[in-house]
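Raw start30.txt, compact mmCIF, C-alpha atoms (C1' of nucleotides) and all ligand atoms:
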# COMPACT_ATOMS: atom_id res chain seq x y z
CA MET A 289 106.21 99.37 101.43
CA LYS A 290 107.32 96.03 102.67
CA LEU A 291 105.11 93.33 104.07
CA THR A 292 106.91 90.03 104.08
CA THR A 293 107.09 86.97 106.27
CA LYS A 294 109.14 88.93 108.74
CA GLY A 295 106.18 91.09 109.65
CA ARG A 296 103.70 88.24 109.30
CA TYR A 297 105.74 85.98 111.56
CA ALA A 298 106.10 88.70 114.16
CA VAL A 299 102.35 89.24 114.32
CA THR A 300 101.67 85.49 114.30
CA ALA A 301 104.13 84.91 117.13
CA MET A 302 102.71 87.77 119.18
CA LEU A 303 99.23 86.42 118.69
CA ASP A 304 100.42 83.00 119.81
CA LEU A 305 101.80 84.61 122.96
CA ALA A 306 98.51 86.38 123.52
CA ILE A 307 96.53 83.18 123.09
CA HIS A 308 98.68 81.38 125.63
CA TYR A 309 98.76 84.23 128.06
CA GLY A 310 98.33 82.97 131.65
CA GLU A 311 100.29 79.78 131.05
CA GLY A 312 103.48 81.42 132.24
CA PRO A 313 106.38 82.25 129.95
CA ILE A 314 106.12 80.63 126.52
CA THR A 315 109.29 79.31 124.92
CA LEU A 316 110.24 80.21 121.39
CA ALA A 317 110.54 76.49 120.71
CA ASP A 318 106.80 76.12 121.40
CA ILE A 319 105.91 79.02 119.15
CA ALA A 320 108.21 77.76 116.45
CA GLN A 321 106.55 74.38 116.48
CA ARG A 322 102.95 75.58 116.69
CA GLN A 323 103.33 78.24 114.04
CA GLY A 324 105.81 76.52 111.79
CA ILE A 325 108.49 79.19 112.06
CA SER A 326 112.24 78.62 112.23
CA LEU A 327 113.48 78.92 115.81
CA SER A 328 116.59 80.95 114.99
CA TYR A 329 114.57 83.29 112.85
CA LEU A 330 112.14 83.82 115.72
CA GLU A 331 115.08 84.64 117.94
CA GLN A 332 116.01 87.50 115.67
CA LEU A 333 112.47 88.81 115.61
CA PHE A 334 112.05 88.61 119.39
CA SER A 335 115.25 90.49 119.89
CA ARG A 336 113.57 93.44 118.20
CA LEU A 337 110.23 92.93 119.89
CA ARG A 338 111.97 92.99 123.25
CA LYS A 339 113.79 96.22 122.44
CA GLN A 340 110.39 97.81 121.87
CA ALA A 341 109.13 96.32 125.14
CA LEU A 342 106.39 94.46 123.31
CA VAL A 343 107.52 91.28 125.05
CA SER A 344 109.42 90.51 128.25
CA SER A 345 111.69 87.54 128.73
CA VAL A 346 112.78 85.15 131.45
CA ARG A 347 115.86 83.01 130.99
CA GLY A 348 116.63 79.54 132.18
CA PRO A 349 114.45 76.46 132.52
CA GLY A 350 110.80 77.37 132.79
CA GLY A 351 111.61 80.64 131.10
CA GLY A 352 110.34 82.09 127.87
CA TYR A 353 108.53 85.17 126.66
CA SER A 354 105.34 86.95 127.71
CA LEU A 355 103.52 89.96 126.34
CA GLY A 356 105.01 93.23 127.48
CA LYS A 357 101.57 94.76 128.00
CA GLU A 358 97.98 93.67 127.68
CA ALA A 359 96.77 92.16 124.42
CA ARG A 360 94.23 94.97 124.27
CA GLU A 361 97.03 97.52 124.20
CA ILE A 362 99.24 95.98 121.54
CA PHE A 363 98.41 97.00 118.02
CA ILE A 364 99.40 95.18 114.87
CA GLY A 365 101.07 98.25 113.45
CA GLU A 366 103.45 98.42 116.41
CA VAL A 367 104.47 94.82 116.00
CA ILE A 368 105.21 95.19 112.32
CA ALA A 369 107.13 98.40 112.89
CA ALA A 370 109.14 96.75 115.68
CA VAL A 371 110.59 94.15 113.33
CA ASP A 372 111.52 96.90 111.03
CA GLU A 373 109.07 96.68 108.24
CA ASN A 374 107.90 100.11 107.40
CA MET A 375 104.48 100.59 105.97
CA ASP A 376 105.36 103.79 104.18
CA THR A 377 104.66 103.52 100.47
CA THR A 378 106.25 106.79 99.36
CA LYS A 379 109.57 106.58 97.61
CA CYS A 380 110.89 109.62 99.46
CA HIS A 381 109.78 108.36 102.90
CA GLY A 382 107.87 111.54 103.53
CA ALA A 383 110.59 113.95 102.46
CA HIS A 384 108.88 115.21 99.27
CA ASN A 385 112.12 115.03 97.38
CA CYS A 386 112.18 111.95 95.23
CA GLN A 387 112.50 113.76 91.92
CA ASN A 388 115.44 116.14 91.75
CA ASN A 389 114.97 117.06 95.34
CA GLU A 390 111.42 118.09 94.62
CA ARG A 391 108.05 116.44 95.00
CA CYS A 392 107.19 113.87 92.36
CA LEU A 393 103.88 113.68 90.57
CA THR A 394 102.46 110.92 92.72
CA HIS A 395 103.74 111.67 96.19
CA ASP A 396 100.34 112.46 97.68
CA LEU A 397 98.80 109.29 96.33
CA TRP A 398 101.33 107.11 98.14
CA SER A 399 101.24 109.27 101.18
CA ASP A 400 97.47 108.89 101.46
CA LEU A 401 97.71 105.17 100.86
CA SER A 402 100.27 104.88 103.64
CA ASP A 403 97.96 106.72 106.00
CA GLN A 404 95.19 104.27 105.17
CA ILE A 405 97.33 101.26 105.90
CA TYR A 406 98.82 102.81 108.99
CA THR A 407 95.41 103.70 110.41
CA TYR A 408 94.03 100.29 109.65
CA LEU A 409 96.83 98.37 111.33
CA ASN A 410 97.00 100.65 114.32
CA ASN A 411 93.38 100.12 115.17
CA ILE A 412 93.52 96.35 115.46
CA SER A 413 94.87 94.94 118.72
CA LEU A 414 95.96 91.41 119.50
CA GLN A 415 92.82 91.15 121.63
CA ASP A 416 90.69 92.05 118.62
CA LEU A 417 92.28 89.21 116.69
CA MET A 418 91.76 86.76 119.54
CA ASP A 419 88.08 87.65 119.61
CA ARG A 420 87.66 86.41 116.05
CA LYS A 421 86.13 83.01 115.67
CA ALA A 422 88.40 82.01 112.80
CA VAL A 423 91.45 82.70 114.94
CA ARG A 424 90.11 80.61 117.81
CA GLU A 425 89.45 77.80 115.36
CA VAL A 426 92.99 77.76 114.09
CA ALA A 427 94.42 78.05 117.61
CA GLU A 428 92.32 75.07 118.64
CA ARG A 429 93.60 73.03 115.72
CA GLN A 430 97.18 73.94 116.57
CA GLU A 431 96.62 72.74 120.13
CA HIS A 432 95.02 69.40 119.43
CA GLY A 433 95.98 68.58 115.91
CA GLU A 434 92.48 68.96 114.53
CA VAL A 435 89.58 71.39 114.64
CA ASP A 436 87.00 70.75 117.31
CA ALA A 437 84.27 73.14 116.30
CA SER A 438 82.20 72.57 119.44
CA VAL A 439 84.72 74.35 121.63
CA LEU A 440 84.44 77.47 119.58
CA ASP A 441 80.88 78.32 120.42
CA GLN A 442 81.60 78.60 124.12
CA VAL A 443 83.83 81.68 123.64
CA SER A 444 86.16 79.81 125.99
CA SER A 445 88.61 82.15 127.61
CA PRO A 446 92.01 80.50 127.41
CA ALA A 447 93.18 79.29 130.82
CA GLY A 448 93.66 82.02 133.38
CA VAL A 449 92.56 85.11 131.48
CA MET B 263 102.57 92.76 99.20
CA LYS B 264 104.93 94.58 96.92
CA LEU B 265 104.92 98.25 96.17
CA THR B 266 108.17 99.33 94.66
CA THR B 267 109.36 101.79 92.06
CA LYS B 268 108.01 99.51 89.36
CA GLY B 269 104.43 100.20 90.39
CA ARG B 270 105.16 103.82 91.24
CA TYR B 271 106.82 104.46 87.90
CA ALA B 272 103.92 102.86 86.06
CA VAL B 273 101.39 105.09 87.77
CA THR B 274 103.58 108.15 87.32
CA ALA B 275 104.04 107.46 83.62
CA MET B 276 100.32 106.85 83.09
CA LEU B 277 99.54 110.09 84.88
CA ASP B 278 102.01 111.89 82.64
CA LEU B 279 100.20 110.46 79.62
CA ALA B 280 96.87 111.60 81.04
CA ILE B 281 98.17 115.09 81.66
CA HIS B 282 99.43 115.40 78.11
CA TYR B 283 96.38 113.86 76.56
CA GLY B 284 95.33 115.77 73.45
CA GLU B 285 98.87 116.53 72.35
CA GLY B 286 98.96 113.42 70.20
CA PRO B 287 101.09 110.39 70.99
CA ILE B 288 103.67 110.98 73.71
CA THR B 289 107.09 109.41 73.36
CA LEU B 290 108.66 107.42 76.13
CA ALA B 291 111.69 109.67 75.81
CA ASP B 292 109.53 112.64 76.88
CA ILE B 293 108.10 110.78 79.82
CA ALA B 294 111.53 109.51 80.81
CA GLN B 295 112.89 113.01 80.88
CA ARG B 296 109.97 114.70 82.61
CA GLN B 297 109.58 112.05 85.27
CA GLY B 298 113.20 111.08 85.70
CA ILE B 299 112.74 107.43 84.79
CA SER B 300 115.14 105.29 82.75
CA LEU B 301 113.94 104.95 79.16
CA SER B 302 114.68 101.25 78.86
CA TYR B 303 112.96 100.56 82.12
CA LEU B 304 109.90 102.44 80.87
CA GLU B 305 109.91 100.28 77.77
CA GLN B 306 109.57 97.19 79.89
CA LEU B 307 106.73 98.70 81.86
CA PHE B 308 104.86 99.89 78.78
CA SER B 309 105.13 96.47 77.24
CA ARG B 310 102.97 95.22 80.08
CA LEU B 311 100.66 98.21 80.08
CA ARG B 312 100.02 97.66 76.40
CA LYS B 313 99.20 94.00 76.92
CA GLN B 314 96.48 95.11 79.33
CA ALA B 315 95.26 97.67 76.77
CA LEU B 316 95.87 100.48 79.24
CA VAL B 317 97.85 102.28 76.54
CA SER B 318 97.95 102.16 72.77
CA SER B 319 101.01 102.80 70.67
CA VAL B 320 101.99 104.28 67.32
CA ARG B 321 105.37 103.58 65.80
CA GLY B 322 107.63 105.72 63.69
CA PRO B 323 108.33 109.43 63.76
CA GLY B 324 105.56 111.35 65.46
CA GLY B 325 104.57 108.16 67.21
CA GLY B 326 104.40 107.36 70.89
CA TYR B 327 101.84 106.22 73.43
CA SER B 328 98.34 107.36 74.38
CA LEU B 329 95.92 106.22 77.03
CA GLY B 330 93.98 103.12 76.05
CA LYS B 331 90.78 104.52 77.51
CA GLU B 332 89.66 107.70 79.23
CA ALA B 333 91.53 108.91 82.28
CA ARG B 334 88.28 108.66 84.18
CA GLU B 335 88.11 104.95 83.46
CA ILE B 336 91.67 103.96 84.39
CA PHE B 337 92.14 103.11 88.03
CA ILE B 338 95.41 103.06 89.89
CA GLY B 339 94.91 99.48 90.98
CA GLU B 340 94.74 98.33 87.36
CA VAL B 341 97.96 100.07 86.51
CA ILE B 342 99.86 98.55 89.41
CA ALA B 343 98.46 95.11 88.69
CA ALA B 344 99.42 95.45 85.02
CA VAL B 345 103.10 95.80 85.81
CA ASP B 346 102.83 92.77 87.96
CA GLU B 347 102.91 94.06 91.44
CA ASN B 348 100.30 92.29 93.40
CA MET B 349 98.70 94.02 96.30
CA ASP B 350 97.84 90.80 98.09
CA THR B 351 99.36 90.71 101.56
CA THR B 352 98.54 87.11 102.44
CA LYS B 353 101.36 84.61 102.35
CA CYS B 354 99.13 81.97 100.75
CA HIS B 355 97.81 84.32 98.07
CA GLY B 356 94.26 83.55 99.04
CA ALA B 357 94.63 79.78 99.17
CA HIS B 358 94.27 79.43 102.98
CA ASN B 359 97.09 76.93 103.07
CA CYS B 360 100.23 78.61 104.26
CA GLN B 361 100.71 76.45 107.32
CA ASN B 362 100.78 72.74 106.57
CA ASN B 363 98.23 73.15 103.88
CA GLU B 364 95.86 74.70 106.38
CA ARG B 365 94.93 78.24 107.29
CA CYS B 366 97.43 80.07 109.45
CA LEU B 367 96.55 82.11 112.50
CA THR B 368 96.65 85.46 110.76
CA HIS B 369 95.24 84.76 107.32
CA ASP B 370 92.11 86.85 107.78
CA LEU B 371 94.04 89.84 109.02
CA TRP B 372 96.12 90.01 105.85
CA SER B 373 93.17 89.19 103.70
CA ASP B 374 91.18 92.07 105.15
CA LEU B 375 94.14 94.40 104.79
CA SER B 376 94.49 93.42 101.15
CA ASP B 377 90.83 94.19 100.57
CA GLN B 378 91.33 97.63 102.08
CA ILE B 379 94.27 98.42 99.83
CA TYR B 380 92.59 96.95 96.82
CA THR B 381 89.41 98.95 97.35
CA TYR B 382 91.33 102.13 97.94
CA LEU B 383 93.45 101.89 94.81
CA ASN B 384 90.59 100.78 92.61
CA ASN B 385 88.52 103.82 93.45
CA ILE B 386 91.05 106.40 92.36
CA SER B 387 91.24 107.13 88.64
CA LEU B 388 93.91 109.00 86.73
CA GLN B 389 91.34 111.77 86.30
CA ASP B 390 90.93 112.01 90.08
CA LEU B 391 94.67 112.50 90.41
CA MET B 392 94.72 115.15 87.70
CA ASP B 393 92.03 117.08 89.54
CA ARG B 394 94.31 117.50 92.51
CA LYS B 395 95.95 120.87 92.83
CA ALA B 396 99.25 119.42 94.05
CA VAL B 397 99.47 117.27 90.94
CA ARG B 398 98.82 120.23 88.64
CA GLU B 399 101.51 122.16 90.48
CA VAL B 400 104.11 119.49 89.91
CA ALA B 401 103.06 119.04 86.29
CA GLU B 402 103.47 122.75 85.76
CA ARG B 403 106.94 122.72 87.25
CA GLN B 404 107.91 119.79 85.05
CA GLU B 405 106.76 121.71 82.01
CA HIS B 406 108.50 124.98 82.65
CA GLY B 407 111.21 124.22 85.06
CA GLU B 408 109.62 126.09 87.93
CA VAL B 409 106.29 126.41 89.67
CA ASP B 410 104.01 129.15 88.43
CA ALA B 411 101.29 129.14 91.04
CA SER B 412 99.03 131.60 89.18
CA VAL B 413 98.27 129.07 86.48
CA LEU B 414 96.93 126.65 89.00
CA ASP B 415 93.95 128.69 90.07
CA GLN B 416 92.47 128.74 86.60
CA VAL B 417 91.84 124.98 86.61
CA SER B 418 93.38 125.15 83.18
CA SER B 419 92.38 122.15 81.11
CA PRO B 420 95.51 120.92 79.37
CA ALA B 421 95.42 121.67 75.67
CA GLY B 422 92.59 120.06 73.79
CA VAL B 423 90.75 118.22 76.57
C1' DG C 9 127.40 71.64 137.24
C1' DA C 10 124.19 70.16 133.76
C1' DA C 11 120.35 71.50 131.14
C1' DA C 12 117.11 74.79 129.44
C1' DT C 13 116.40 78.94 127.75
C1' DC C 14 117.33 83.51 126.04
C1' DT C 15 120.95 86.70 123.45
C1' DT C 16 124.02 88.07 119.94
C1' DG C 17 126.59 88.34 115.76
C1' DA C 18 128.28 86.63 111.57
C1' DC C 19 127.44 84.14 107.60
C1' DT C 20 124.74 82.53 103.21
C1' DA C 21 121.76 80.76 99.20
C1' DA C 22 118.11 82.24 96.59
C1' DT C 23 115.36 85.78 94.90
C1' DT C 24 114.09 90.32 93.49
C1' DT C 25 114.95 95.02 92.00
C1' DA C 26 116.13 98.34 88.96
C1' DG C 27 118.08 98.69 85.77
C1' DT C 28 121.56 98.09 81.03
C1' DT C 29 122.76 96.31 76.48
C1' DG C 30 121.90 95.15 72.04
C1' DG C 31 119.31 93.95 68.61
C1' DG C 32 115.20 94.39 65.76
C1' DA C 33 110.61 95.99 63.19
C1' DA C 34 107.42 99.44 61.62
C1' DA C 35 106.44 103.96 59.95
C1' DG C 36 107.15 108.43 58.25
C1' DT C 37 110.05 111.68 55.41
C1' DA C 38 113.07 113.05 51.58
C1' DT D 289 115.41 103.92 48.26
C1' DA D 290 117.92 105.47 52.41
C1' DC D 291 117.49 107.49 56.81
C1' DT D 292 115.55 108.49 61.07
C1' DT D 293 112.39 108.00 64.67
C1' DT D 294 109.93 105.56 67.35
C1' DC D 295 108.20 101.22 69.51
C1' DC D 296 109.32 96.26 70.64
C1' DC D 297 111.75 92.33 72.73
C1' DA D 298 114.98 89.32 75.08
C1' DA D 299 118.98 88.52 77.55
C1' DC D 300 122.14 90.02 80.90
C1' DT D 301 123.70 92.08 85.57
C1' DA D 302 125.11 94.55 90.06
C1' DA D 303 123.22 95.42 94.27
C1' DA D 304 119.99 94.69 97.76
C1' DT D 305 116.84 91.97 100.38
C1' DT D 306 114.80 87.83 102.33
C1' DA D 307 114.59 84.06 105.01
C1' DG D 308 116.98 81.82 106.90
C1' DT D 309 121.52 78.91 109.29
C1' DC D 310 125.39 78.48 112.43
C1' DA D 311 128.17 79.13 116.40
C1' DA D 312 129.13 81.05 120.66
C1' DG D 313 127.82 82.82 124.96
C1' DA D 314 124.94 84.54 129.19
C1' DT D 315 121.41 83.40 132.80
C1' DT D 316 118.67 80.80 135.53
C1' DT D 317 116.80 76.57 137.63
C1' DC D 318 117.30 72.00 139.39
S1 LIG A 501 107.20 109.83 96.78
FE1 LIG A 501 107.54 111.63 97.92
S2 LIG A 501 108.34 112.97 96.45
FE2 LIG A 501 108.04 111.17 95.28
S1 LIG A 502 98.17 83.82 104.87
FE1 LIG A 502 96.59 82.56 104.08
S2 LIG A 502 96.82 80.78 105.25
FE2 LIG A 502 98.42 82.00 106.04
Kindly present the structure from the file in structure tokens form.
Ligand code: FES
Ligand code: FES
Amino acid sequence: MKLTTKGRYAVTAMLDLAIHYGEGPITLADIAQRQGISLSYLEQLFSRLRKQALVSSVRGPGGGYSLGKEAREIFIGEVIAAVDENMDTTKCHGAHNCQNNERCLTHDLWSDLSDQIYTYLNNISLQDLMDRKAVREVAERQEHGEVDASVLDQVSSPAGV
Amino acid sequence: MKLTTKGRYAVTAMLDLAIHYGEGPITLADIAQRQGISLSYLEQLFSRLRKQALVSSVRGPGGGYSLGKEAREIFIGEVIAAVDENMDTTKCHGAHNCQNNERCLTHDLWSDLSDQIYTYLNNISLQDLMDRKAVREVAERQEHGEVDASVLDQVSSPAGV
DNA sequence: GAAATCTTGACTAATTTAGTTGGGAAAGTA
DNA sequence: TACTTTCCCAACTAAATTAGTCAAGATTTC
């Protein structure tokens, strides 16, 4: 199993897009600055996200990226898979052949663990994350430079949603 | 999060020890051969397992390793942690400071995921694994070179347990 | 046609993985 | 005592991966 900054950045960037949905296309430069991610690295990640239709793009001035479908329909597992991190924890990648072409002693353990992780991540959508208070807090800080807790109690829908 | 052959080998080797419990100390050479793991690599892993008292050792001819406590009391999570793979999936390792010394947008997501994995692995003991039919099948094959399915229905307790 | 933005591919330093190599130290056995 | 078996330990290494950078180009808007 791999879960590195690649996957974390992809989810973070997608969540940033979701939060700013309704403001028109969002540039990678904005995301890079808000989330503290290298712009060129983001470019690589969005290339993959676009191939999976998780985002759509518009070029030229005023352009940028938007979600490819509704935040409610994009699951964390998809995003991570799109940038190529696979959540499988078996050594054989499901083939039951990691020892001498036969099943090793612990295959089922890793297989079950993978199912757990897979199920967990595929049941959380970007919308679910946005609904969390802690996420709204951080988003607010990123917008204004500091946390304004009062805004958070209003369950303010971000402009246009 | 890291889950690589290091952690897998450690669990596999510990399970091998559990299966052969009651046969006296088991040599690393035996484990290496049965499980297809490099002997010197096993030595490194067992050095760590011993420091955590998960195994105890006897030197000299007839020596080898045994479980440090009962199979029922050794949990997979402990074994993986002992060889230094940490199941934490947050970037900040729990410190809430991965972006500019403040919490990033997705901290809680990874934190919750880590809890899931942690809980899962810490509720499965070596004994639980041994009780699985698939594990007994593989162990049987490793012993005799091929699977003898008839043995598996007798829930045969391995010699001396 | 200039500027903003996405798009692509090649390159790279640092780190990690999965080992190997080579030496010991302790214990049993003759 | 000598010999062998086992554990113990530390240093080294090839290959892969990570987290990027760099440079060039394609589209679109103004
Ligand atoms: S992990 Fe699938 S056979 Fe070993
Ligand atoms: S993962 Fe903890 S603050 Fe980002």
Next on the checklist: Residues near region 289-303 of chain D, anyone? I mean within 12 Å using all atoms listed in the file, not counting same-chain ones fewer than 2 positions away, as a ChimeraX atom specification.
Outcome noted: /B:287-292,301-302,304-310,312,318-327 /C:24-38 /D:305
Item to check | Between CA of Ala343 (chain B) and CA of Thr394 (chain A), distance in Å (one decimal) | outcome: 16.8 Å
Next on the checklist: Counting all atoms listed in the file, what are the residues, protein, DNA or RNA alike, that approach ligand LIG 501 (chain A) to within 6 Å? I want them as a PyMOL selection string.
Outcome noted: chain A and resi 378-380+382-386+391-392+395
Item to check | Contacts with ligand LIG 502 (chain A) at most 12 Å, only C-alpha atoms (C1' of nucleotides) and all ligand atoms counted, listed as a ChimeraX atom specification | outcome: /A:291-293,295-297,299-300,323-324,422-423,426 /B:263,350-376
Least-squares align chain B to chain A using all Cα atoms paired by position, then dump the moved coordinates as a short mmCIF file (atom, residue, chain, number, x, y, z; two decimals) with C-alpha atoms, in the coordinates of the input.
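Wrote it out as result.cif, contents follow:
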data_model
loop_
_atom_site.label_atom_id
_atom_site.label_comp_id
_atom_site.auth_asym_id
_atom_site.auth_seq_id
_atom_site.Cartn_x
_atom_site.Cartn_y
_atom_site.Cartn_z
CA MET B 263 106.15 99.40 101.40
CA LYS B 264 107.29 96.04 102.63
CA LEU B 265 105.11 93.33 104.03
CA THR B 266 106.89 90.04 104.03
CA THR B 267 107.08 86.97 106.21
CA LYS B 268 109.14 88.93 108.70
CA GLY B 269 106.19 91.11 109.63
CA ARG B 270 103.71 88.25 109.29
CA TYR B 271 105.76 85.98 111.52
CA ALA B 272 106.09 88.70 114.13
CA VAL B 273 102.35 89.23 114.29
CA THR B 274 101.68 85.50 114.28
CA ALA B 275 104.13 84.90 117.11
CA MET B 276 102.72 87.77 119.18
CA LEU B 277 99.22 86.41 118.66
CA ASP B 278 100.41 82.99 119.80
CA LEU B 279 101.78 84.61 122.95
CA ALA B 280 98.48 86.39 123.51
CA ILE B 281 96.52 83.18 123.08
CA HIS B 282 98.67 81.37 125.61
CA TYR B 283 98.74 84.22 128.06
CA GLY B 284 98.28 82.96 131.61
CA GLU B 285 100.25 79.77 131.06
CA GLY B 286 103.44 81.44 132.24
CA PRO B 287 106.34 82.26 129.95
CA ILE B 288 106.12 80.65 126.52
CA THR B 289 109.27 79.33 124.91
CA LEU B 290 110.23 80.22 121.39
CA ALA B 291 110.53 76.50 120.71
CA ASP B 292 106.78 76.13 121.40
CA ILE B 293 105.89 79.02 119.16
CA ALA B 294 108.22 77.76 116.45
CA GLN B 295 106.55 74.40 116.46
CA ARG B 296 102.95 75.57 116.68
CA GLN B 297 103.32 78.24 114.03
CA GLY B 298 105.81 76.53 111.77
CA ILE B 299 108.48 79.21 112.03
CA SER B 300 112.24 78.64 112.24
CA LEU B 301 113.47 78.95 115.82
CA SER B 302 116.56 80.97 114.98
CA TYR B 303 114.56 83.30 112.84
CA LEU B 304 112.13 83.83 115.72
CA GLU B 305 115.06 84.69 117.95
CA GLN B 306 116.01 87.52 115.66
CA LEU B 307 112.47 88.82 115.59
CA PHE B 308 112.03 88.63 119.36
CA SER B 309 115.25 90.52 119.87
CA ARG B 310 113.58 93.46 118.18
CA LEU B 311 110.23 92.95 119.86
CA ARG B 312 111.96 93.01 123.21
CA LYS B 313 113.77 96.24 122.41
CA GLN B 314 110.37 97.82 121.83
CA ALA B 315 109.12 96.34 125.12
CA LEU B 316 106.38 94.47 123.28
CA VAL B 317 107.51 91.30 125.04
CA SER B 318 109.40 90.53 128.22
CA SER B 319 111.65 87.55 128.73
CA VAL B 320 112.74 85.16 131.45
CA ARG B 321 115.82 83.02 131.04
CA GLY B 322 116.60 79.54 132.24
CA PRO B 323 114.41 76.48 132.60
CA GLY B 324 110.76 77.39 132.82
CA GLY B 325 111.58 80.66 131.13
CA GLY B 326 110.32 82.09 127.88
CA TYR B 327 108.49 85.17 126.66
CA SER B 328 105.31 86.96 127.70
CA LEU B 329 103.50 89.97 126.32
CA GLY B 330 105.00 93.26 127.44
CA LYS B 331 101.57 94.77 127.96
CA GLU B 332 97.96 93.67 127.65
CA ALA B 333 96.76 92.18 124.39
CA ARG B 334 94.23 94.97 124.22
CA GLU B 335 97.01 97.53 124.17
CA ILE B 336 99.25 95.98 121.51
CA PHE B 337 98.41 97.00 117.98
CA ILE B 338 99.41 95.18 114.85
CA GLY B 339 101.08 98.25 113.42
CA GLU B 340 103.45 98.42 116.38
CA VAL B 341 104.46 94.83 115.96
CA ILE B 342 105.22 95.19 112.27
CA ALA B 343 107.13 98.40 112.85
CA ALA B 344 109.14 96.75 115.63
CA VAL B 345 110.59 94.15 113.30
CA ASP B 346 111.52 96.89 110.96
CA GLU B 347 109.06 96.66 108.19
CA ASN B 348 107.90 100.09 107.36
CA MET B 349 104.47 100.57 105.96
CA ASP B 350 105.37 103.78 104.17
CA THR B 351 104.67 103.52 100.46
CA THR B 352 106.27 106.78 99.35
CA LYS B 353 109.60 106.58 97.61
CA CYS B 354 110.91 109.62 99.49
CA HIS B 355 109.81 108.33 102.89
CA GLY B 356 107.90 111.50 103.55
CA ALA B 357 110.63 113.90 102.51
CA HIS B 358 108.90 115.18 99.32
CA ASN B 359 112.15 115.02 97.42
CA CYS B 360 112.20 111.94 95.27
CA GLN B 361 112.53 113.75 91.98
CA ASN B 362 115.46 116.14 91.84
CA ASN B 363 115.00 117.05 95.43
CA GLU B 364 111.45 118.10 94.70
CA ARG B 365 108.08 116.45 95.06
CA CYS B 366 107.22 113.91 92.41
CA LEU B 367 103.91 113.72 90.61
CA THR B 368 102.48 110.95 92.74
CA HIS B 369 103.77 111.69 96.21
CA ASP B 370 100.37 112.47 97.70
CA LEU B 371 98.82 109.32 96.34
CA TRP B 372 101.34 107.12 98.13
CA SER B 373 101.25 109.27 101.19
CA ASP B 374 97.49 108.92 101.46
CA LEU B 375 97.71 105.19 100.86
CA SER B 376 100.27 104.88 103.63
CA ASP B 377 97.97 106.73 105.99
CA GLN B 378 95.18 104.29 105.16
CA ILE B 379 97.33 101.26 105.88
CA TYR B 380 98.80 102.82 108.96
CA THR B 381 95.40 103.71 110.39
CA TYR B 382 94.02 100.29 109.63
CA LEU B 383 96.83 98.36 111.29
CA ASN B 384 97.01 100.64 114.29
CA ASN B 385 93.37 100.11 115.15
CA ILE B 386 93.53 96.35 115.43
CA SER B 387 94.86 94.94 118.69
CA LEU B 388 95.96 91.41 119.47
CA GLN B 389 92.82 91.14 121.60
CA ASP B 390 90.67 92.04 118.59
CA LEU B 391 92.27 89.20 116.66
CA MET B 392 91.74 86.76 119.50
CA ASP B 393 88.06 87.63 119.56
CA ARG B 394 87.67 86.39 116.03
CA LYS B 395 86.12 82.98 115.67
CA ALA B 396 88.40 81.98 112.79
CA VAL B 397 91.44 82.69 114.93
CA ARG B 398 90.12 80.59 117.81
CA GLU B 399 89.44 77.78 115.36
CA VAL B 400 92.99 77.75 114.10
CA ALA B 401 94.40 78.03 117.61
CA GLU B 402 92.33 75.05 118.63
CA ARG B 403 93.60 73.00 115.72
CA GLN B 404 97.17 73.93 116.57
CA GLU B 405 96.63 72.75 120.11
CA HIS B 406 95.06 69.41 119.41
CA GLY B 407 95.98 68.58 115.92
CA GLU B 408 92.47 68.95 114.57
CA VAL B 409 89.58 71.37 114.69
CA ASP B 410 87.00 70.76 117.37
CA ALA B 411 84.27 73.17 116.39
CA SER B 412 82.18 72.62 119.55
CA VAL B 413 84.75 74.35 121.71
CA LEU B 414 84.49 77.47 119.68
CA ASP B 415 80.92 78.31 120.56
CA GLN B 416 81.67 78.57 124.25
CA VAL B 417 83.89 81.63 123.78
CA SER B 418 86.23 79.75 126.04
CA SER B 419 88.69 82.10 127.69
CA PRO B 420 92.10 80.46 127.47
CA ALA B 421 93.25 79.23 130.85
CA GLY B 422 93.65 81.91 133.47
CA VAL B 423 92.59 85.03 131.56
#
Using all atoms of region 33-37 of chain C that appear in the file, construct an axis-aligned enclosing box with 4 Å of padding on every side and provide its centre coordinates and edge lengths in Å, rounded to one decimal, as JSON.
{"center_x": 108.5, "center_y": 103.8, "center_z": 59.3, "size_x": 12.2, "size_y": 23.7, "size_z": 15.8}
Next on the checklist: Need the shell around Arg424 (chain A): protein/DNA/RNA residues with any atom at most 9 Å away, counting only C-alpha atoms (C1' of nucleotides). Skip same-chain ones fewer than 4 positions apart. Format as a PyMOL selection string?
Outcome noted: (chain A and resi 307+417-420+428-429+440+443) or (chain B and resi 367)
Checklist outcome for this item: Taken to one decimal, the CA of Ala344 (chain B)-CA of Leu311 (chain B) distance is 5.8 Å
Next on the checklist: Show me, as a list of chain:residue names, the residues that have an atom within 7 Å of Arg334 (chain B) when counting all atoms listed in the file, minus same-chain residues fewer than 6 positions from it.
Outcome noted: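 My reading of the contact set: B:Ser387, B:Leu388, B:Gln389.
If we count all atoms listed in the file, these residues of chain C sit within 12 Å of chain A: DA10, DA11, DA12, DT13, DC14, DT15, DT16 and DG17 of chain C.
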Checklist entry - What does the distance between CA of Ile379 (chain B) and CA of Asp416 (chain A) come to in Å, to one decimal place? => result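 About the pair CA of Ile379 (chain B) and CA of Asp416 (chain A): they are 20.2 Å apart.
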Item to check | Shortest interatomic distance to chain D - which of A:Asp304, A:Ala359, A:Ala298, A:Ile325, counting all atoms listed in the file | outcome: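 The shortest atom-to-atom distance to chain D comes from A:Ile325.
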Checklist entry - What are the residues of chain D that have an atom within 10 Å of an atom of chain A, counting all atoms listed in the file, as a ChimeraX atom specification? => result /D:306-310,314-318
